[in-house]
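Chemist: Next comes work-v5.tsv, TSV, C-alpha atoms:
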```tsv
chain	number	residue	atom	x	y	z
A	227	MET	CA	16.97	38.60	-9.33
A	228	LYS	CA	16.19	37.34	-12.84
A	229	LYS	CA	15.62	33.85	-11.36
A	230	CYS	CA	13.08	35.26	-8.85
A	231	ILE	CA	11.24	37.12	-11.61
A	232	ALA	CA	11.14	33.96	-13.74
A	233	MET	CA	9.80	31.90	-10.80
A	234	ALA	CA	7.13	34.52	-10.08
A	235	ALA	CA	6.07	34.46	-13.73
A	236	LEU	CA	5.79	30.65	-13.63
A	237	VAL	CA	3.62	30.79	-10.51
A	238	LEU	CA	1.37	33.41	-12.09
A	239	ALA	CA	1.07	31.33	-15.26
A	240	LEU	CA	0.13	28.24	-13.27
A	241	ALA	CA	-2.41	30.23	-11.28
A	242	ALA	CA	-3.92	31.63	-14.46
A	243	GLY	CA	-4.13	28.14	-15.94
A	244	LEU	CA	-5.80	26.74	-12.86
A	245	SER	CA	-8.22	29.67	-12.81
A	246	ALA	CA	-9.16	29.08	-16.44
A	247	ARG	CA	-9.60	25.35	-15.83
A	248	ALA	CA	-11.84	26.12	-12.87
A	249	ARG	CA	-13.99	28.35	-15.04
A	250	VAL	CA	-14.29	25.58	-17.65
A	251	GLU	CA	-14.85	22.66	-15.32
A	252	GLY	CA	-16.61	24.52	-12.54
A	253	GLU	CA	-16.04	24.16	-8.85
A	254	ALA	CA	-15.18	20.87	-7.14
A	255	PRO	CA	-18.12	18.45	-7.47
A	256	ALA	CA	-20.67	18.71	-4.71
A	257	ARG	CA	-21.07	15.86	-2.28
A	258	LEU	CA	-23.24	13.16	-3.79
A	259	GLU	CA	-26.72	12.79	-2.38
A	260	THR	CA	-27.29	9.48	-0.62
A	261	VAL	CA	-30.26	7.53	0.63
A	262	LYS	CA	-30.74	4.66	3.07
A	263	ILE	CA	-32.15	1.44	1.61
A	264	LEU	CA	-32.69	-2.17	2.70
A	265	ASP	CA	-30.46	-4.63	0.89
A	266	THR	CA	-30.77	-8.40	0.46
A	267	THR	CA	-29.43	-9.02	3.97
A	268	LEU	CA	-32.23	-6.78	5.33
A	269	GLU	CA	-29.62	-4.35	6.60
A	270	GLU	CA	-29.98	-0.61	6.10
A	271	VAL	CA	-27.17	0.59	3.82
A	272	GLU	CA	-26.28	3.86	2.11
A	273	ALA	CA	-26.64	4.23	-1.67
A	274	VAL	CA	-25.98	7.10	-4.05
A	275	VAL	CA	-28.99	8.90	-5.55
A	276	ASN	CA	-28.85	9.29	-9.36
A	277	PRO	CA	-25.30	7.92	-9.74
A	278	GLN	CA	-23.74	8.47	-13.17
A	279	VAL	CA	-21.10	5.73	-12.98
A	280	VAL	CA	-22.50	2.38	-11.87
A	281	ALA	CA	-21.40	-1.26	-11.89
A	282	ILE	CA	-24.17	-3.89	-11.76
A	283	TYR	CA	-23.37	-7.56	-11.14
A	284	ASP	CA	-26.89	-8.96	-10.94
A	285	TYR	CA	-28.97	-9.89	-13.98
A	286	SER	CA	-32.29	-9.29	-12.23
A	287	ILE	CA	-31.37	-5.64	-11.57
A	288	LEU	CA	-30.29	-5.10	-15.18
A	289	ASP	CA	-33.57	-6.71	-16.24
A	290	THR	CA	-35.65	-4.48	-13.99
A	291	LEU	CA	-33.97	-1.25	-15.10
A	292	ALA	CA	-34.39	-2.14	-18.77
A	293	SER	CA	-38.06	-2.98	-18.25
A	294	VAL	CA	-38.95	0.51	-17.02
A	295	GLY	CA	-36.64	2.60	-19.20
A	296	PHE	CA	-32.92	2.43	-18.45
A	297	GLU	CA	-32.45	5.77	-20.25
A	298	GLN	CA	-34.24	7.49	-17.37
A	299	THR	CA	-31.56	6.44	-14.87
A	300	GLY	CA	-29.11	9.09	-16.08
A	301	ILE	CA	-26.25	6.56	-15.91
A	302	LYS	CA	-23.37	7.68	-18.14
A	303	THR	CA	-21.02	4.74	-17.63
A	304	LEU	CA	-22.30	1.25	-16.84
A	305	VAL	CA	-20.14	-1.76	-15.97
A	306	VAL	CA	-21.87	-5.11	-16.51
A	307	PRO	CA	-20.77	-8.76	-16.47
A	308	SER	CA	-19.25	-9.81	-19.80
A	309	ARG	CA	-21.55	-8.43	-22.50
A	310	SER	CA	-20.83	-11.38	-24.79
A	311	THR	CA	-22.33	-13.85	-22.30
A	312	LEU	CA	-25.39	-11.85	-21.24
A	313	PRO	CA	-28.66	-13.80	-21.63
A	314	ASP	CA	-30.65	-13.06	-24.77
A	315	ALA	CA	-33.28	-11.45	-22.54
A	316	LEU	CA	-30.68	-8.78	-21.71
A	317	ALA	CA	-29.77	-8.08	-25.34
A	318	TYR	CA	-30.54	-4.41	-24.62
A	319	TYR	CA	-27.14	-4.13	-22.93
A	320	LYS	CA	-25.31	-5.83	-25.80
A	321	ALA	CA	-26.21	-2.99	-28.14
A	322	GLU	CA	-25.11	0.62	-27.99
A	323	VAL	CA	-27.32	2.56	-25.58
A	324	PRO	CA	-27.59	6.26	-26.48
A	325	GLY	CA	-25.90	8.47	-23.90
A	326	THR	CA	-24.35	5.57	-22.00
A	327	ARG	CA	-21.01	3.84	-22.31
A	328	ILE	CA	-21.40	0.14	-21.42
A	329	ILE	CA	-18.29	-1.87	-20.62
A	330	SER	CA	-17.66	-5.45	-19.51
A	331	GLY	CA	-16.19	-5.88	-16.06
A	332	GLY	CA	-15.92	-9.50	-15.00
A	333	SER	CA	-18.81	-11.91	-14.52
A	334	LEU	CA	-21.62	-12.67	-12.09
A	335	PHE	CA	-18.97	-14.38	-9.95
A	336	PHE	CA	-15.90	-12.20	-10.49
A	337	ILE	CA	-15.43	-8.45	-9.92
A	338	ASP	CA	-12.76	-7.22	-12.33
A	339	TRP	CA	-10.56	-4.66	-10.57
A	340	ASP	CA	-8.85	-3.53	-13.79
A	341	VAL	CA	-12.17	-2.40	-15.22
A	342	LEU	CA	-13.39	-0.79	-12.00
A	343	ASP	CA	-10.09	1.08	-11.70
A	344	LEU	CA	-10.83	2.75	-15.04
A	345	ALA	CA	-14.54	3.30	-14.43
A	346	ALA	CA	-14.28	4.57	-10.82
A	347	PRO	CA	-17.92	3.69	-10.01
A	348	GLN	CA	-19.96	5.72	-7.57
A	349	LEU	CA	-22.28	2.76	-6.93
A	350	VAL	CA	-21.72	-1.00	-7.21
A	351	ILE	CA	-24.78	-3.26	-7.12
A	352	LEU	CA	-23.83	-6.81	-6.19
A	353	GLY	CA	-25.73	-10.06	-6.66
A	354	GLY	CA	-25.89	-13.30	-4.75
A	355	ARG	CA	-23.06	-14.85	-6.81
A	356	SER	CA	-20.58	-11.96	-6.51
A	357	PHE	CA	-17.06	-12.81	-5.25
A	358	GLY	CA	-17.63	-16.51	-5.94
A	359	MET	CA	-14.66	-16.97	-8.30
A	360	ASN	CA	-11.18	-15.65	-8.98
A	361	ALA	CA	-9.88	-14.28	-12.30
A	362	SER	CA	-9.16	-17.83	-13.54
A	363	GLY	CA	-12.73	-18.94	-13.00
A	364	GLN	CA	-11.92	-21.11	-9.99
A	365	ARG	CA	-14.46	-21.33	-7.17
A	366	LEU	CA	-13.44	-19.57	-3.99
A	367	ASN	CA	-13.95	-21.02	-0.54
A	368	THR	CA	-15.78	-19.01	2.10
A	369	GLU	CA	-12.61	-17.50	3.56
A	370	ASP	CA	-11.13	-16.46	0.21
A	371	ALA	CA	-14.45	-15.05	-0.99
A	372	ALA	CA	-14.70	-12.95	2.18
A	373	ALA	CA	-11.16	-11.66	1.64
A	374	PHE	CA	-11.94	-10.82	-2.01
A	375	ARG	CA	-15.00	-8.88	-0.88
A	376	ALA	CA	-13.15	-6.99	1.87
A	377	ASN	CA	-10.27	-6.08	-0.44
A	378	THR	CA	-12.69	-4.85	-3.10
A	379	TYR	CA	-14.55	-2.65	-0.62
A	380	SER	CA	-11.25	-1.24	0.62
A	381	ARG	CA	-9.88	-0.65	-2.89
A	382	TYR	CA	-12.95	1.40	-3.89
A	383	SER	CA	-13.62	3.18	-0.64
A	384	ASN	CA	-15.25	6.11	-2.46
A	385	ALA	CA	-17.93	3.87	-3.96
A	386	ARG	CA	-21.11	2.65	-2.26
A	387	PHE	CA	-21.64	-1.12	-2.37
A	388	ILE	CA	-25.12	-2.59	-2.06
A	389	LYS	CA	-26.43	-6.10	-2.55
A	390	LEU	CA	-29.74	-6.47	-4.37
A	391	SER	CA	-30.79	-9.94	-5.44
A	392	VAL	CA	-33.24	-12.70	-4.68
A	393	ASP	CA	-32.27	-14.70	-1.61
A	394	ALA	CA	-32.61	-18.17	-3.11
A	395	SER	CA	-32.26	-19.90	0.25
A	396	LYS	CA	-35.45	-18.31	1.60
A	397	SER	CA	-37.76	-18.54	-1.42
A	398	THR	CA	-39.39	-15.16	-0.80
A	399	LEU	CA	-39.79	-13.95	-4.36
A	400	ASP	CA	-42.56	-11.43	-3.72
A	401	GLN	CA	-40.77	-9.80	-0.78
A	402	ASP	CA	-37.47	-9.71	-2.69
A	403	ILE	CA	-39.01	-8.03	-5.73
A	404	LEU	CA	-40.77	-5.45	-3.58
A	405	ARG	CA	-37.60	-4.68	-1.62
A	406	ASN	CA	-35.50	-4.31	-4.79
A	407	VAL	CA	-38.13	-2.19	-6.55
A	408	THR	CA	-38.32	0.07	-3.49
A	409	ALA	CA	-34.53	0.38	-3.35
A	410	LEU	CA	-34.18	1.16	-7.06
A	411	GLY	CA	-36.98	3.71	-6.82
A	412	SER	CA	-35.04	5.50	-4.09
A	413	ILE	CA	-31.77	5.40	-6.05
A	414	PHE	CA	-33.37	6.45	-9.34
A	415	PRO	CA	-36.39	8.65	-8.40
A	416	ALA	CA	-37.40	9.10	-12.06
A	417	LEU	CA	-38.20	5.38	-12.19
A	418	LYS	CA	-40.17	5.12	-8.97
A	419	GLY	CA	-43.66	5.49	-10.45
A	420	ASP	CA	-43.08	2.91	-13.19
A	421	LEU	CA	-41.36	0.50	-10.81
A	422	ASP	CA	-44.25	0.64	-8.35
A	423	ALA	CA	-46.76	0.10	-11.16
A	424	ARG	CA	-44.88	-2.92	-12.51
A	425	TYR	CA	-44.73	-4.45	-9.05
A	426	ARG	CA	-48.47	-4.04	-8.54
A	427	GLU	CA	-49.11	-5.80	-11.85
A	428	ILE	CA	-46.83	-8.69	-10.94
A	429	LYS	CA	-48.32	-9.00	-7.46
A	430	ALA	CA	-51.85	-9.16	-8.89
A	431	ASP	CA	-50.86	-11.90	-11.35
A	432	MET	CA	-49.07	-13.89	-8.65
A	433	ASP	CA	-52.15	-13.69	-6.43
A	434	THR	CA	-54.34	-14.89	-9.31
A	435	ILE	CA	-52.15	-17.92	-9.93
A	436	LYS	CA	-52.02	-18.69	-6.22
A	437	ALA	CA	-55.80	-18.66	-5.86
A	438	LYS	CA	-56.40	-20.83	-8.93
A	439	ALA	CA	-53.61	-23.29	-8.11
A	440	ARG	CA	-54.96	-23.79	-4.60
A	441	GLN	CA	-58.49	-24.21	-5.90
A	442	SER	CA	-57.33	-26.84	-8.38
A	443	GLY	CA	-55.58	-28.89	-5.71
A	444	ALA	CA	-53.04	-29.94	-8.33
A	445	ARG	CA	-50.12	-31.82	-6.79
A	446	ALA	CA	-47.02	-30.28	-8.31
A	447	LEU	CA	-43.30	-31.01	-8.34
A	448	PHE	CA	-40.47	-28.69	-9.34
A	449	VAL	CA	-37.81	-30.69	-11.16
A	450	MET	CA	-34.43	-29.62	-12.52
A	451	THR	CA	-32.01	-31.39	-14.84
A	452	PRO	CA	-28.61	-30.06	-13.68
A	453	ASP	CA	-27.02	-31.96	-16.59
A	454	PRO	CA	-28.40	-34.31	-19.25
A	455	SER	CA	-28.11	-37.41	-17.05
A	456	SER	CA	-29.20	-36.23	-13.60
A	457	ILE	CA	-32.40	-35.11	-11.87
A	458	SER	CA	-33.02	-33.02	-8.78
A	459	VAL	CA	-36.17	-31.77	-7.07
A	460	PHE	CA	-37.04	-28.65	-5.11
A	461	LEU	CA	-39.51	-28.83	-2.25
A	462	PRO	CA	-41.20	-26.19	-0.05
A	463	GLY	CA	-38.63	-23.94	1.60
A	464	SER	CA	-35.94	-24.62	-0.99
A	465	ARG	CA	-34.63	-22.37	-3.76
A	466	PHE	CA	-37.75	-22.83	-5.89
A	467	GLY	CA	-40.13	-23.35	-3.01
A	468	MET	CA	-41.89	-20.26	-4.36
A	469	LEU	CA	-43.85	-22.68	-6.57
A	470	TYR	CA	-45.67	-23.88	-3.46
A	471	ASN	CA	-45.71	-21.05	-0.94
A	472	GLU	CA	-46.07	-18.08	-3.31
A	473	PHE	CA	-47.75	-19.58	-6.36
A	474	GLY	CA	-50.03	-21.85	-4.34
A	475	PHE	CA	-49.31	-25.30	-5.76
A	476	THR	CA	-49.78	-28.32	-3.50
A	477	PRO	CA	-46.48	-30.20	-3.00
A	478	ALA	CA	-46.55	-33.69	-4.54
A	479	ASP	CA	-44.49	-34.88	-1.57
A	480	PRO	CA	-45.41	-32.72	1.46
A	481	SER	CA	-43.64	-35.04	3.92
A	482	ALA	CA	-40.17	-34.62	2.41
A	483	SER	CA	-37.70	-32.18	3.93
A	484	ALA	CA	-36.33	-29.36	1.79
A	485	ASP	CA	-32.81	-29.36	0.36
A	486	PHE	CA	-31.32	-25.88	0.48
A	487	SER	CA	-28.49	-26.49	-1.98
A	488	ALA	CA	-28.50	-24.44	-5.16
A	489	HIS	CA	-29.12	-27.47	-7.34
A	490	GLY	CA	-31.78	-29.11	-5.19
A	491	ALA	CA	-32.03	-32.64	-3.86
A	492	ALA	CA	-30.58	-35.23	-6.22
A	493	THR	CA	-33.05	-37.99	-6.98
A	494	ALA	CA	-34.09	-40.59	-9.55
A	495	ALA	CA	-37.01	-40.93	-11.95
A	496	GLU	CA	-38.36	-43.74	-9.78
A	497	TYR	CA	-38.92	-41.29	-6.92
A	498	ILE	CA	-40.90	-38.98	-9.19
A	499	LEU	CA	-43.07	-41.91	-10.27
A	500	ALA	CA	-43.57	-42.88	-6.61
A	501	VAL	CA	-44.91	-39.43	-5.65
A	502	ASN	CA	-46.68	-39.26	-9.04
A	503	PRO	CA	-47.38	-35.51	-9.39
A	504	ASP	CA	-50.34	-34.18	-11.37
A	505	VAL	CA	-48.10	-31.53	-12.92
A	506	ILE	CA	-44.34	-31.20	-13.29
A	507	PHE	CA	-42.53	-27.91	-13.83
A	508	LEU	CA	-39.18	-28.69	-15.42
A	509	LEU	CA	-36.15	-26.40	-15.34
A	510	ASP	CA	-33.58	-27.58	-17.86
A	511	ARG	CA	-30.45	-26.13	-16.30
A	512	ALA	CA	-28.27	-28.10	-18.70
A	513	ALA	CA	-29.71	-26.14	-21.62
A	514	THR	CA	-29.71	-22.85	-19.71
A	515	VAL	CA	-25.96	-22.90	-19.04
A	516	GLY	CA	-25.19	-23.88	-22.60
A	517	THR	CA	-24.55	-27.63	-22.41
A	518	GLU	CA	-26.67	-30.46	-23.78
A	519	ALA	CA	-30.35	-30.27	-23.00
A	520	GLY	CA	-31.67	-32.59	-20.30
A	521	GLU	CA	-35.36	-32.19	-21.18
A	522	THR	CA	-35.37	-34.91	-23.85
A	523	ASN	CA	-33.72	-37.49	-21.63
A	524	PHE	CA	-36.11	-36.67	-18.80
A	525	LYS	CA	-39.26	-37.01	-20.87
A	526	ASN	CA	-38.04	-40.21	-22.52
A	527	ASP	CA	-37.37	-41.96	-19.21
A	528	ALA	CA	-39.63	-45.01	-18.78
A	529	SER	CA	-40.61	-44.10	-15.21
A	530	ILE	CA	-41.42	-40.48	-16.09
A	531	ARG	CA	-43.63	-41.66	-18.94
A	532	GLN	CA	-45.77	-43.56	-16.41
A	533	THR	CA	-46.52	-40.48	-14.30
A	534	THR	CA	-49.92	-38.79	-14.30
A	535	ALA	CA	-48.24	-35.55	-15.36
A	536	PHE	CA	-46.75	-37.13	-18.48
A	537	LYS	CA	-49.90	-39.02	-19.43
A	538	ASN	CA	-51.97	-35.84	-19.19
A	539	ASN	CA	-49.38	-33.78	-21.08
A	540	ARG	CA	-48.71	-31.66	-18.00
A	541	ILE	CA	-44.95	-31.43	-17.97
A	542	TYR	CA	-44.12	-27.78	-18.55
A	543	THR	CA	-40.59	-26.73	-19.42
A	544	LEU	CA	-39.74	-23.38	-17.83
A	545	ASP	CA	-37.73	-20.49	-19.25
A	546	GLY	CA	-34.25	-21.14	-17.90
A	547	ASP	CA	-32.93	-17.58	-17.82
A	548	SER	CA	-36.01	-16.24	-16.04
A	549	TRP	CA	-36.07	-18.93	-13.36
A	550	TYR	CA	-32.37	-19.61	-12.94
A	551	THR	CA	-30.16	-16.61	-13.78
A	552	MET	CA	-32.48	-13.57	-13.70
A	553	THR	CA	-34.83	-14.53	-10.87
A	554	GLY	CA	-36.50	-11.44	-9.42
A	555	GLY	CA	-36.24	-9.19	-12.46
A	556	ILE	CA	-39.44	-7.54	-13.68
A	557	GLN	CA	-39.38	-9.09	-17.16
A	558	ALA	CA	-38.13	-12.41	-15.78
A	559	THR	CA	-41.01	-12.57	-13.30
A	560	ARG	CA	-43.49	-11.82	-16.06
A	561	GLN	CA	-42.06	-14.79	-17.99
A	562	MET	CA	-42.30	-16.98	-14.88
A	563	ILE	CA	-45.96	-16.01	-14.60
A	564	GLN	CA	-46.51	-16.86	-18.27
A	565	ASP	CA	-44.85	-20.25	-17.76
A	566	LEU	CA	-47.23	-21.12	-14.92
A	567	MET	CA	-50.25	-19.73	-16.72
A	568	ARG	CA	-49.80	-22.40	-19.38
A	569	PHE	CA	-51.12	-24.83	-16.76
A	570	ILE	CA	-53.57	-22.46	-15.06
A	571	ASP	CA	-55.24	-21.73	-18.42
A	572	THR	CA	-56.12	-25.43	-18.78
A	573	LEU	CA	-58.20	-25.49	-15.59
```
Take the structure I supplied and represent it as structure tokens, if you would.
Modeler:
Amino acid sequence: MKKCIAMAALVLALAAGLSARARVEGEAPARLETVKILDTTLEEVEAVVNPQVVAIYDYSILDTLASVGFEQTGIKTLVVPSRSTLPDALAYYKAEVPGTRIISGGSLFFIDWDVLDLAAPQLVILGGRSFGMNASGQRLNTEDAAAFRANTYSRYSNARFIKLSVDASKSTLDQDILRNVTALGSIFPALKGDLDARYREIKADMDTIKAKARQSGARALFVMTPDPSSISVFLPGSRFGMLYNEFGFTPADPSASADFSAHGAATAAEYILAVNPDVIFLLDRAATVGTEAGETNFKNDASIRQTTAFKNNRIYTLDGDSWYTMTGGIQATRQMIQDLMRFIDTL
């Protein structure tokens, strides 16, 4: 009998404790509001509206949110790629952001499960490089990358996964920015007005450059130095084909076929002299990723020094982070516009 009374008292105590906890914490959280958006693959996917715990693995999205007031998102916990290696343009996320806990969770290529286990994100925004490497930094083949993705989705079945990035293989910068701005405005309604306004400004500037570049007839070539000793070019339809189809520059070599690889079509300085562009836009990838700069070697090459672009002082070095790692972000696109305006302003 005493044992039954003791058990009853324990049950009552537990019930009282649970009741008190319920009064403190409130009822079970309501179902999160969701919205349908178009992602990078042009598929309609479901995202959480006003999520408080978010993981973002794309620099352009971090850039865009910072440009219009990240504080307005209401995000309480944010997982980002390693804070120590964020580009200087994203220094905002290296500091302490009032009201938000920011933690490192992998890299652009690696989704760190240990961190996501602790954060329990409601929304994960992926980029074009996500699932490209394992924890050791080794590149994954297509099959292993697909398995990594599937296992991640399964492990965090309560989270919504969406992919928002610039599709480098299609060179549709304007469309990508508009799609991402529209998606972010649906996810974070407080930002919608500012996002739409920023897009309109960018679109107007892009149209201005396009009109003036076409009117000038300047024959341009987009060149990259992947490392200090090599050169590659990007033609219409390639990763940086936006220079021609969206910014209006005439290709210096319109007969060449595009190379859709991430690092362009490998070539030699002699080729660049043969097509002899009026203006060269140079992306020094070697400097952007932290190795030796390739710009000096490129400009000191004997063949390059014979080009019309060099003789007229029309080789323009581009901002590496904006063009290479943050492509499609609001601030990054503004910098891209400024880079091209250095030439446009000389017309």
Chemist: Within 10 Å of segment 523-534 of chain A, counting all atoms listed in the file, which residues show up once you throw out same-chain ones fewer than 5 positions away? Write them as a VMD selection string, please.
Modeler: chain A and resid 449 to 451 454 to 457 494 to 506 508 510 539 to 541
Chemist: Between atom CA of Ser293 of chain A and atom CA of Gly325 of chain A, what is the distance, to one decimal in Å?
Modeler: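 Separation between atom CA of Ser293 of chain A and atom CA of Gly325 of chain A: 17.6 Å.
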Chemist: Nearest to Arg440 of chain A: which of A:Ile263, A:Ile329, A:Ile570, A:Leu544 is it, counting all atoms listed in the file?
Modeler: A:Ile570
Chemist: Please produce, as a Markdown table, a per-residue contact table for segment 382-435 of chain A versus segment 554-569 of chain A (criterion: any atom at most 8 Å away, all atoms listed in the file considered), showing the nearest atom pair and its distance in Å to one decimal, sorted by chain then residue number.
Modeler:
```
| residue | atom | partner | partner_atom | distance |
| --- | --- | --- | --- | --- |
| A:Ser391 | CA | A:Gly554 | CA | 7.1 |
| A:Val392 | CA | A:Gly554 | CA | 5.9 |
| A:Leu399 | CA | A:Gly554 | CA | 6.5 |
| A:Asp402 | CA | A:Gly554 | CA | 7.0 |
| A:Ile403 | CA | A:Gly554 | CA | 5.6 |
| A:Arg424 | CA | A:Ile556 | CA | 7.2 |
| A:Tyr425 | CA | A:Ile556 | CA | 7.7 |
| A:Ile428 | CA | A:Arg560 | CA | 6.9 |
| A:Asp431 | CA | A:Ile563 | CA | 7.2 |
| A:Met432 | CA | A:Ile563 | CA | 7.0 |
| A:Ile435 | CA | A:Met567 | CA | 7.3 |
```
Chemist: State, in Å with one decimal place, the distance from atom CA of Asp393 of chain A to atom CA of Gly353 of chain A.
Modeler: 9.5 Å
Chemist: Quote the spacing between atom CA of Phe536 of chain A and atom CA of Leu447 of chain A in Å to one decimal place.
Modeler: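 Between atom CA of Phe536 of chain A and atom CA of Leu447 of chain A the gap works out to 12.3 Å.
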Chemist: Enclose the full set of atoms of segment 385-388 of chain A listed in the file within a box whose edges lie along x, y and z, apply 8 Å of padding to each of the six sides, and report centre and edge lengths in Å to one decimal as lines of an AutoDock Vina configuration file.
Modeler:
```
center_x = -21.5
center_y = 0.6
center_z = -3.0
size_x = 23.2
size_y = 22.5
size_z = 17.9
```
